[in-house]
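Report on the structure given below.
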Amino acid sequence: MKKLLSIVALSLCSMVSAQAAVVLIGAPGASDISASDAKKLFLGKGSSSSVPFELGEGNATRSEFHDKVTRKSDAQLKAYWSKQVFTGKGNPPATVSSAAAMKSTVASTPNAVGYIDEADLDDTVKVILKP
């Protein structure tokens, strides 16, 4: 019985460690950002020179990012941005199609920030927040 429990525990540990986490990225020279500033940025609040980019709706990394940072689901985000657009208070961030597109866009656009799965990191971008 102990052997079985040990095997189950090791299996669970390996599954947890295999899952990467979402990270907020900027160009290599970008400064770190706080979670509260990231929330404001991705909800179009406050004044910031940063330009946010999103992954498309239904993307698991997008859902994880917003769950941790803005505390909104995809449906809540859609409703939020519909209201912002309708009332003339703002527009949602531009979207990109993939982690590779996100890295390329963030690396080549001044003051751009975005998010990707930590497993997709390379030296073209810098982690500025690990929520």
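Naming works like this for the structure tokens: A, B, ... for the chains as they're shown, residue 1 at the start of each chain, ligands 1 onward in shown order.
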
Contacts of stretch 27-107 of chain A with stretch 116-127 of chain A up to 6 Å, shortest pair per row, only C-alpha atoms, as CSV:
residue,atom,partner,partner_atom,distance
A:Ala27,CA,A:Val125,CA,4.9
A:Pro28,CA,A:Lys126,CA,4.8
A:Ala99,CA,A:Ile116,CA,5.7
A:Ala107,CA,A:Val125,CA,6.0

- Message: Just list as a ChimeraX atom specification whatever in stretch 18-104 of chain A DSSP marks as alpha helix (DSSP H).
- Response: /A:18,35-42,60-68,74-86,99-104

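All residues in stretch 1-130 of chain A with a DSSP state of strand (DSSP E), computed from the backbone, read Val22, Val23, Leu24, Ile25, Gly26, Val51, Pro52, Phe53, Glu54, Leu55, Ala94, Thr95, Val96, Ala112, Val113, Gly114, Tyr115, Ile116, Asp117, Lys126, Val127, Ile128 and Leu129 of chain A.
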
- Item | A:Ile128 environment, 6 Å, only C-alpha atoms, sequence neighbours closer than 4 positions dropped, as a list of chain:residue names | A:Leu24, A:Ile25, A:Asp32, A:Ile33

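For the choices A:Thr61, A:Thr70, A:Ser49, A:Thr87, the atom-to-atom distance to A:Ala20 is smallest for A:Thr61 when using only C-alpha atoms.
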
- Note on the structure: Restricting to only C-alpha atoms, whichever of A:Asn59, A:Val22, A:Ala30, A:Ala38 is closest to A:Ser97 is A:Asn59

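Residues lying within 8 Å of A:Asn91, counting only C-alpha atoms and ignoring same-chain neighbours fewer than 6 positions away, are A:Gly44, A:Trp81, A:Gln84, A:Val85.
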
Can you spit out the residues from that selection as an mmCIF file, in the first residue's frame, using N, CA and C atoms?
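again.cif was written with the following content:
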data_model
loop_
_atom_site.group_PDB
_atom_site.id
_atom_site.type_symbol
_atom_site.label_atom_id
_atom_site.label_comp_id
_atom_site.auth_asym_id
_atom_site.auth_seq_id
_atom_site.Cartn_x
_atom_site.Cartn_y
_atom_site.Cartn_z
ATOM 1 N N GLY A 44 -7.516 48.640 -19.620
ATOM 2 C CA GLY A 44 -7.602 49.979 -20.200
ATOM 3 C C GLY A 44 -7.797 51.087 -19.192
ATOM 4 N N TRP A 81 -15.461 44.636 -22.219
ATOM 5 C CA TRP A 81 -15.006 45.413 -23.376
ATOM 6 C C TRP A 81 -16.171 45.864 -24.248
ATOM 7 N N GLN A 84 -17.252 48.998 -22.544
ATOM 8 C CA GLN A 84 -16.267 50.067 -22.725
ATOM 9 C C GLN A 84 -16.365 50.674 -24.130
ATOM 10 N N VAL A 85 -16.479 49.812 -25.130
ATOM 11 C CA VAL A 85 -16.574 50.276 -26.514
ATOM 12 C C VAL A 85 -17.881 51.032 -26.721
#
